[in-house]
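Data from final_39.cif: mmCIF, C-alpha atoms
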```cif
data_model
loop_
_atom_site.label_atom_id
_atom_site.label_comp_id
_atom_site.auth_asym_id
_atom_site.auth_seq_id
_atom_site.Cartn_x
_atom_site.Cartn_y
_atom_site.Cartn_z
CA MET A 216 151.57 62.05 56.05
CA LYS A 217 154.69 63.63 54.56
CA ARG A 218 156.88 61.49 56.77
CA LEU A 219 155.02 58.36 55.74
CA ILE A 220 155.47 59.16 52.06
CA THR A 221 159.18 59.86 52.56
CA THR A 222 159.60 56.56 54.40
CA VAL A 223 157.85 54.64 51.62
CA LEU A 224 159.93 56.42 48.98
CA MET A 225 163.14 55.60 50.88
CA LEU A 226 162.05 51.97 51.09
CA MET A 227 161.47 51.93 47.35
CA VAL A 228 164.99 53.29 46.81
CA THR A 229 166.41 50.37 48.77
CA MET A 230 164.22 47.96 46.78
CA GLN A 231 165.94 49.24 43.65
CA LEU A 232 169.29 48.37 45.25
CA PHE A 233 168.12 44.84 45.93
CA ALA A 234 166.80 44.46 42.41
CA GLN A 235 170.25 45.16 41.04
CA SER A 236 171.51 41.72 42.03
CA GLN A 237 169.94 39.33 39.56
CA ASP A 238 169.66 36.42 41.95
CA SER A 239 167.32 37.96 44.50
CA ALA A 240 164.78 35.57 45.97
CA VAL A 241 161.83 37.35 44.36
CA VAL A 242 163.32 37.21 40.88
CA GLN A 243 164.22 33.56 41.34
CA THR A 244 160.69 32.68 42.40
CA LEU A 245 159.24 34.59 39.46
CA GLU A 246 161.50 32.87 36.97
CA GLY A 247 161.12 29.44 38.52
CA SER A 248 157.98 27.26 38.39
CA GLU A 249 157.69 27.81 34.65
CA LYS A 250 157.08 31.55 35.17
CA ILE A 251 153.52 31.08 36.42
CA TYR A 252 154.13 33.71 39.13
CA VAL A 253 154.61 36.35 36.43
CA VAL A 254 150.93 35.85 35.62
CA VAL A 255 150.03 36.10 39.31
CA VAL A 256 151.90 39.41 39.59
CA CYS A 257 150.15 40.79 36.50
CA VAL A 258 146.69 39.81 37.75
CA GLY A 259 147.58 41.42 41.09
CA ILE A 260 148.60 44.64 39.33
CA ILE A 261 145.33 44.75 37.40
CA LEU A 262 143.30 44.20 40.58
CA LEU A 263 145.25 46.84 42.51
CA GLY A 264 144.93 49.32 39.67
CA LEU A 265 141.18 48.87 39.41
CA LEU A 266 140.81 49.09 43.20
CA PHE A 267 142.72 52.38 43.28
CA PHE A 268 140.47 53.62 40.49
CA LEU A 269 137.47 52.61 42.57
CA PHE A 270 138.80 54.73 45.43
CA SER A 271 139.20 57.72 43.13
CA ILE A 272 135.57 57.38 42.00
CA GLU A 273 134.50 57.15 45.63
CA ARG A 274 136.38 60.37 46.40
CA ARG A 275 134.41 62.16 43.69
CA LEU A 276 131.15 60.80 45.10
CA LYS A 277 132.09 61.83 48.64
CA LYS A 278 132.59 65.41 47.49
CA LEU A 279 129.10 65.36 45.97
CA GLU A 280 127.58 63.94 49.13
CA LYS A 281 129.17 66.68 51.21
CA LYS A 282 127.71 69.36 48.97
CA SER A 283 124.15 68.07 49.15
CA MET B 189 122.82 51.99 29.73
CA TYR B 190 121.07 51.41 33.04
CA LYS B 191 120.11 47.78 32.35
CA SER B 192 122.35 45.33 34.13
CA TRP B 193 122.36 42.07 32.14
CA TRP B 194 125.51 43.01 30.23
CA LYS B 195 127.28 43.99 33.46
CA ILE B 196 126.53 40.53 34.88
CA LEU B 197 127.67 39.00 31.59
CA GLY B 198 130.93 40.98 31.80
CA ALA B 199 131.50 39.93 35.41
CA VAL B 200 130.81 36.26 34.61
CA LEU B 201 133.13 36.32 31.60
CA VAL B 202 135.95 37.97 33.55
CA VAL B 203 135.62 35.48 36.41
CA TYR B 204 135.47 32.59 33.92
CA SER B 205 138.54 33.82 32.05
CA THR B 206 140.50 34.36 35.28
CA VAL B 207 139.73 30.90 36.64
CA PHE B 208 140.28 29.07 33.36
CA GLY B 209 143.15 31.38 32.48
CA PHE B 210 145.02 29.71 35.33
CA LEU B 211 143.59 26.19 35.01
CA SER B 212 143.18 25.49 31.29
CA SER B 213 145.91 23.73 29.37
CA VAL B 214 148.38 25.76 27.33
CA PRO B 215 150.86 24.57 24.70
CA ALA B 216 154.42 24.01 25.94
CA LEU B 217 156.42 26.99 24.72
CA PRO B 218 160.10 27.86 25.07
CA ILE B 219 161.02 31.02 27.07
CA LEU B 220 157.35 31.92 27.67
CA HIS B 221 156.43 28.71 29.51
CA GLN B 222 153.35 29.29 31.67
CA SER B 223 153.58 33.08 31.37
CA ILE B 224 151.71 32.70 28.07
CA ARG B 225 148.64 32.83 30.33
CA ASN B 226 149.25 36.58 30.55
CA LEU B 227 147.61 36.67 27.13
CA TYR B 228 144.28 36.45 28.96
CA PHE B 229 145.06 39.47 31.15
CA HIS B 230 147.50 41.78 29.38
CA VAL B 231 145.95 41.81 25.90
CA PRO B 232 142.29 42.39 26.96
CA MET B 233 143.46 45.55 28.77
CA TRP B 234 144.54 47.01 25.43
CA PHE B 235 141.38 45.85 23.67
CA SER B 236 139.17 47.51 26.26
CA MET B 237 141.28 50.66 26.00
CA ILE B 238 140.77 50.73 22.24
CA VAL B 239 137.03 50.13 22.55
CA LEU B 240 136.72 52.92 25.13
CA PHE B 241 138.67 55.31 22.90
CA SER B 242 136.37 54.34 19.98
CA VAL B 243 133.37 55.16 22.16
CA SER B 244 135.02 58.48 22.93
CA VAL B 245 135.64 59.36 19.28
CA PHE B 246 132.05 58.37 18.44
CA HIS B 247 130.76 60.85 21.02
CA SER B 248 133.19 63.53 19.87
CA ILE B 249 131.81 63.27 16.34
CA LYS B 250 128.30 63.33 17.78
CA TYR B 251 129.19 66.45 19.75
CA LEU B 252 130.40 68.26 16.63
CA ASN B 253 127.15 67.30 14.91
CA GLY B 254 124.71 68.33 17.60
CA ASN B 255 126.59 70.49 20.16
CA HIS B 256 125.05 68.64 23.09
CA GLU B 257 127.04 69.05 26.27
CA THR B 258 126.38 65.44 27.36
CA ASP B 259 128.21 64.08 24.30
CA ASP B 260 131.30 66.03 25.30
CA ARG B 261 131.18 64.62 28.82
CA LYS B 262 130.72 61.09 27.45
CA ALA B 263 133.82 61.57 25.32
CA VAL B 264 135.95 62.69 28.28
CA GLN B 265 134.76 60.03 30.68
CA SER B 266 135.40 57.21 28.23
CA VAL B 267 138.93 58.54 27.68
CA ASN B 268 139.35 58.64 31.47
CA ALA B 269 138.36 54.98 31.74
CA GLY B 270 140.41 54.01 28.68
CA VAL B 271 143.58 55.64 30.00
CA VAL B 272 143.35 53.54 33.18
CA PHE B 273 143.20 50.35 31.09
CA GLY B 274 146.11 51.58 28.99
CA ILE B 275 148.25 52.19 32.07
CA LEU B 276 147.41 48.72 33.41
CA GLY B 277 148.28 47.26 30.00
CA ILE B 278 151.65 48.99 29.90
CA ILE B 279 152.57 47.98 33.48
CA THR B 280 151.58 44.32 33.03
CA GLY B 281 153.41 44.37 29.71
CA ALA B 282 156.57 45.66 31.40
CA VAL B 283 156.39 42.94 34.07
CA TRP B 284 155.86 40.25 31.43
CA ALA B 285 158.71 41.63 29.33
CA LYS B 286 161.06 41.67 32.32
CA PHE B 287 160.77 37.90 32.69
CA THR B 288 160.58 36.86 29.04
CA TRP B 289 162.52 39.46 27.05
CA GLY B 290 164.95 40.18 29.87
CA GLN B 291 164.19 43.86 30.38
CA ALA B 292 161.09 45.68 31.58
CA TRP B 293 161.53 48.28 28.84
CA SER B 294 163.59 47.02 25.95
CA PHE B 295 162.53 49.87 23.63
CA ASP B 296 160.55 47.43 21.53
CA VAL B 297 158.70 49.41 18.83
CA LYS B 298 155.27 48.39 20.03
CA GLN B 299 156.10 49.25 23.64
CA ASN B 300 157.35 52.68 22.62
CA PHE B 301 154.41 53.42 20.36
CA ALA B 302 151.92 52.24 22.98
CA ALA B 303 153.49 54.69 25.42
CA ILE B 304 153.26 57.46 22.82
CA ALA B 305 149.60 56.59 22.13
CA LEU B 306 148.90 56.92 25.85
CA LEU B 307 150.72 60.27 25.91
CA LEU B 308 148.45 61.46 23.08
CA TYR B 309 145.47 60.86 25.34
CA PHE B 310 147.15 62.42 28.39
CA ALA B 311 147.62 65.46 26.17
CA TYR B 312 143.90 65.35 25.41
CA LEU B 313 143.03 65.43 29.11
CA ILE B 314 145.52 68.22 29.83
CA LEU B 315 144.35 70.22 26.82
CA ARG B 316 140.83 70.16 28.23
CA ASN B 317 141.98 71.51 31.57
CA ALA B 318 143.80 74.34 29.85
CA ILE B 319 140.67 75.87 28.30
CA ASP B 320 138.19 77.63 30.58
CA GLU B 321 135.36 78.44 28.22
CA GLU B 322 133.08 75.40 28.09
CA GLN B 323 131.92 75.35 24.47
CA LYS B 324 135.34 76.20 23.13
CA ARG B 325 136.87 73.44 25.26
CA ALA B 326 134.34 70.91 24.05
CA LYS B 327 134.82 71.81 20.41
CA ILE B 328 138.63 71.93 20.41
CA SER B 329 138.99 68.73 22.41
CA ALA B 330 136.48 66.93 20.17
CA ILE B 331 138.53 67.85 17.10
CA TYR B 332 141.76 66.84 18.85
CA ASN B 333 140.17 63.52 19.83
CA ILE B 334 139.13 62.80 16.23
CA PHE B 335 142.73 63.32 15.13
CA ALA B 336 144.23 61.40 18.06
CA PHE B 337 142.19 58.25 17.41
CA PRO B 338 143.58 57.32 13.97
CA MET B 339 147.06 58.23 15.26
CA MET B 340 146.57 55.73 18.09
CA VAL B 341 145.41 53.02 15.66
CA VAL B 342 148.39 53.64 13.38
CA LEU B 343 150.83 53.64 16.31
CA LEU B 344 149.49 50.39 17.74
CA PHE B 345 148.62 48.38 14.64
CA VAL B 346 150.44 49.71 11.59
CA LEU B 347 153.89 51.01 12.50
CA PRO B 348 154.96 48.06 14.72
CA ARG B 349 154.28 45.71 11.79
CA LEU B 350 156.72 47.57 9.58
CA SER B 351 159.81 47.12 11.71
CA ASP B 352 161.37 44.54 14.01
CA SER B 353 159.36 43.96 17.14
CA LEU B 354 159.41 41.42 19.92
CA HIS B 355 155.63 41.35 20.04
CA PRO B 356 154.01 38.40 18.27
CA GLY B 357 152.33 39.22 14.98
CA ASN B 358 154.67 42.16 14.36
CA GLY B 359 157.79 42.59 12.25
CA GLY B 360 157.60 39.14 10.69
CA ASN B 361 157.03 37.32 13.98
CA PRO B 362 154.29 34.72 13.90
CA GLY B 363 151.03 35.78 15.54
CA PHE B 364 149.48 33.96 18.44
CA ASN B 365 147.67 31.69 15.96
CA ALA B 366 150.96 29.88 15.47
CA TYR B 367 151.22 29.08 19.18
CA ASP B 368 147.60 28.17 19.73
CA LEU B 369 147.47 25.10 17.55
CA ASP B 370 144.61 23.27 19.28
CA SER B 371 142.42 26.39 19.74
CA HIS B 372 142.23 25.72 23.48
CA MET B 373 143.51 29.20 24.24
CA ARG B 374 140.86 30.83 22.07
CA MET B 375 138.15 29.39 24.34
CA VAL B 376 139.51 31.54 27.16
CA PHE B 377 141.00 34.44 25.21
CA TYR B 378 137.85 35.60 23.40
CA PRO B 379 135.62 35.53 26.51
CA ALA B 380 138.38 37.38 28.39
CA CYS B 381 138.44 40.15 25.78
CA LEU B 382 134.65 40.50 25.68
CA GLY B 383 134.43 40.41 29.48
CA TRP B 384 137.05 43.10 30.05
CA ILE B 385 135.55 45.28 27.32
CA LEU B 386 132.16 45.08 29.06
CA ILE B 387 133.75 45.89 32.44
CA GLY B 388 135.56 48.84 30.88
CA TYR B 389 132.31 50.12 29.39
CA TRP B 390 130.64 49.68 32.77
CA ILE B 391 133.34 51.79 34.45
CA TYR B 392 132.83 54.44 31.79
CA THR B 393 129.07 54.57 32.44
CA ILE B 394 129.71 54.95 36.18
CA LEU B 395 132.15 57.80 35.54
CA PHE B 396 129.63 59.44 33.24
CA ARG B 397 126.87 59.19 35.83
CA VAL B 398 129.11 60.71 38.52
CA SER B 399 130.00 63.56 36.17
CA SER B 400 126.29 64.12 35.45
CA LEU B 401 125.67 64.45 39.21
CA GLU B 402 128.58 66.87 39.49
CA LYS B 403 127.12 68.90 36.65
CA ASN B 404 123.71 69.11 38.30
CA LYS B 405 125.10 70.09 41.69
CA ILE B 406 127.20 73.02 40.55
#
```
Written as structure tokens, that's how I'd like the structure from this file.
Amino acid sequence: MKRLITTVLMLMVTMQLFAQSQDSAVVQTLEGSEKIYVVVVCVGIILLGLLFFLFSIERRLKKLEKKS
Amino acid sequence: MYKSWWKILGAVLVVYSTVFGFLSSVPALPILHQSIRNLYFHVPMWFSMIVLFSVSVFHSIKYLNGNHETDDRKAVQSVNAGVVFGILGIITGAVWAKFTWGQAWSFDVKQNFAAIALLLYFAYLILRNAIDEEQKRAKISAIYNIFAFPMMVVLLFVLPRLSDSLHPGNGGNPGFNAYDLDSHMRMVFYPACLGWILIGYWIYTILFRVSSLEKNKI
């Protein structure tokens, strides 16, 4: 688990390096097409956030189920 | 609380606003272009946060009146749900800002104050964990909550209006009314707000019910 987290963190560090150059493909896509993909990203973030929250509620319920 | 018609209403409104948020027509705007559609997703997050915090302050006042333990738990769980919506609002705001204002965090007054308002409520949650005695914790955190709520309202709605801000409707900028000339956007925006508020309230009731189960088990 620790190794996995370190790997993901390292990957995120490299992502930062890519983001430094303004003309990366992702940024270009997001700014092109009249910026509609910005909305897509935001909706994705909201969905992901709520799904993570759902998991945290489930964890609380699991603890209760184990106790009973 | 256990009836489900308003949950279905919330779900229908959110689905409606998501579909028509992408498909309905929007005015042609410079810089913003199609990203104006974020109005249907970013802004309702903040509205549901504010409604959830209002629910919380209502229950805090009720707790101080009657000293019922359930009111205290209602206050905490609605803050828990509200904080999640606040975090989503701040992240979507940062993404939107990155592609319209140029920077994810440009130290815009409203951005800063929104972050501070969220910190106020993080402090509330941490304060609760710091006190072991149950009644004392409930009382102190209820009083803190009653003070934090007007602070949050001032930070989000009063102070940004007094200085320069990139947000519409603040610091002399025109509000969204100026962009939405044909009222097409309103047809999606209002249902989106109501829908997300209902979903937020639903999440709060689920959290409250889980906490009631936890209370009974221990």
- Message: Show me, as a list in words, every residue of chain A with an atom at most 7 Å from chain B, counting all atoms listed in the file.
- Response: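 Result: Glu246, Glu249, Lys250, Ile251, Val253, Val254, Cys257, Val258, Ile260, Ile261, Gly264, Leu276 and Leu279 of chain A.
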- Item | Coordinates-based distance that separates CA of Val243 in chain B from CA of Leu262 in chain A (Å, one decimal) |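 According to the coordinates, CA of Leu262 in chain A and CA of Val243 in chain B are separated by 23.6 Å.
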- Matched chain/residue IDs from the PyMOL selection byres ((chain B and resi 378-390) around 9), as a PyMOL selection string: chain B and resi 189+194-195+197-206+209+228-229+231-233+235-237+239-240+243+266+269-270+273+373-377+391-395
- Query: How many Å separate CA of Leu350 in chain B from CA of Phe241 in chain B?
  - Reply: 23.7 Å
- Message: Taking all atoms listed in the file into account, name the residue in B:Ile328, B:Ala216, B:Ala336, B:Leu354 that is nearest to Asp296 in chain B.
- Response: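 Ranking B:Ile328, B:Ala216, B:Ala336, B:Leu354 by distance to Asp296 in chain B, first place goes to B:Leu354.
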- Item | Distance in Å - CA of Asn404 in chain B versus CA of Lys278 in chain A |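 That distance, rounded to one decimal, is 13.3 Å.
The nearest approach to Phe396 in chain B among the residues A:Leu224, A:Ile272, A:Lys277, A:Gly259, with all atoms listed in the file taken into account, belongs to A:Ile272.
If you measure from each of B:Pro215, B:Leu344, B:His256, B:Glu322 to His372 in chain B using all atoms listed in the file, the closest one turns out to be B:Pro215.
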- Chain and number of each residue from the PyMOL selection byres ((chain B and resi 345) around 12), as a VMD selection string: chain B and resid 234 to 235 238 297 to 299 301 to 302 305 338 to 344 346 to 351 353 355 to 359
Please complete range 258-293 of chain B with N, CA and C atoms and give it back as a compact mmCIF listing (two decimals), in the coordinates of the input.
```txt
# COMPACT_ATOMS: atom_id res chain seq x y z
N THR B 258 126.21 66.80 26.83
CA THR B 258 126.38 65.44 27.36
C THR B 258 127.34 64.61 26.50
N ASP B 259 127.31 64.84 25.17
CA ASP B 259 128.21 64.08 24.30
C ASP B 259 129.66 64.37 24.63
N ASP B 260 129.93 65.65 24.94
CA ASP B 260 131.30 66.03 25.30
C ASP B 260 131.73 65.32 26.58
N ARG B 261 130.82 65.28 27.56
CA ARG B 261 131.18 64.62 28.82
C ARG B 261 131.36 63.12 28.63
N LYS B 262 130.55 62.53 27.75
CA LYS B 262 130.72 61.09 27.45
C LYS B 262 132.09 60.85 26.86
N ALA B 263 132.51 61.73 25.96
CA ALA B 263 133.82 61.57 25.32
C ALA B 263 134.93 61.62 26.35
N VAL B 264 134.88 62.58 27.28
CA VAL B 264 135.95 62.69 28.28
C VAL B 264 135.97 61.49 29.19
N GLN B 265 134.78 61.09 29.68
CA GLN B 265 134.76 60.03 30.68
C GLN B 265 135.22 58.70 30.08
N SER B 266 134.92 58.47 28.79
CA SER B 266 135.40 57.21 28.23
C SER B 266 136.91 57.26 28.02
N VAL B 267 137.46 58.45 27.74
CA VAL B 267 138.93 58.54 27.68
C VAL B 267 139.51 58.29 29.07
N ASN B 268 138.88 58.86 30.10
CA ASN B 268 139.35 58.64 31.47
C ASN B 268 139.44 57.16 31.80
N ALA B 269 138.37 56.42 31.46
CA ALA B 269 138.36 54.98 31.74
C ALA B 269 139.39 54.27 30.87
N GLY B 270 139.48 54.67 29.59
CA GLY B 270 140.41 54.01 28.68
C GLY B 270 141.86 54.17 29.09
N VAL B 271 142.20 55.38 29.59
CA VAL B 271 143.58 55.64 30.00
C VAL B 271 143.99 54.70 31.15
N VAL B 272 143.04 54.44 32.07
CA VAL B 272 143.35 53.54 33.18
C VAL B 272 143.71 52.16 32.64
N PHE B 273 142.91 51.67 31.67
CA PHE B 273 143.20 50.35 31.09
C PHE B 273 144.53 50.36 30.35
N GLY B 274 144.82 51.48 29.69
CA GLY B 274 146.11 51.58 28.99
C GLY B 274 147.28 51.50 29.94
N ILE B 275 147.16 52.21 31.09
CA ILE B 275 148.25 52.19 32.07
C ILE B 275 148.44 50.78 32.61
N LEU B 276 147.31 50.10 32.91
CA LEU B 276 147.41 48.72 33.41
C LEU B 276 148.05 47.83 32.35
N GLY B 277 147.69 48.06 31.08
CA GLY B 277 148.28 47.26 30.00
C GLY B 277 149.78 47.46 29.91
N ILE B 278 150.21 48.72 30.06
CA ILE B 278 151.65 48.99 29.90
C ILE B 278 152.44 48.43 31.09
N ILE B 279 151.85 48.49 32.31
CA ILE B 279 152.57 47.98 33.48
C ILE B 279 152.66 46.45 33.41
N THR B 280 151.52 45.79 33.11
CA THR B 280 151.58 44.32 33.03
C THR B 280 152.51 43.89 31.90
N GLY B 281 152.51 44.68 30.80
CA GLY B 281 153.41 44.37 29.71
C GLY B 281 154.87 44.45 30.14
N ALA B 282 155.19 45.49 30.95
CA ALA B 282 156.57 45.66 31.40
C ALA B 282 156.99 44.50 32.30
N VAL B 283 156.06 44.06 33.17
CA VAL B 283 156.39 42.94 34.07
C VAL B 283 156.63 41.67 33.24
N TRP B 284 155.74 41.45 32.27
CA TRP B 284 155.86 40.25 31.43
C TRP B 284 157.17 40.29 30.65
N ALA B 285 157.50 41.48 30.12
CA ALA B 285 158.71 41.63 29.33
C ALA B 285 159.96 41.37 30.17
N LYS B 286 159.90 41.83 31.42
CA LYS B 286 161.06 41.67 32.32
C LYS B 286 161.45 40.20 32.42
N PHE B 287 160.45 39.30 32.45
CA PHE B 287 160.77 37.90 32.69
C PHE B 287 160.78 37.04 31.42
N THR B 288 160.47 37.64 30.28
CA THR B 288 160.58 36.86 29.04
C THR B 288 161.57 37.48 28.06
N TRP B 289 161.57 38.81 27.96
CA TRP B 289 162.52 39.46 27.05
C TRP B 289 163.77 39.93 27.78
N GLY B 290 163.75 39.84 29.11
CA GLY B 290 164.95 40.18 29.87
C GLY B 290 164.95 41.57 30.47
N GLN B 291 164.22 42.50 29.86
CA GLN B 291 164.19 43.86 30.38
C GLN B 291 162.76 44.34 30.46
N ALA B 292 162.46 45.16 31.46
CA ALA B 292 161.09 45.68 31.58
C ALA B 292 160.78 46.57 30.38
N TRP B 293 161.76 47.40 29.99
CA TRP B 293 161.53 48.28 28.84
C TRP B 293 162.70 48.10 27.89
```
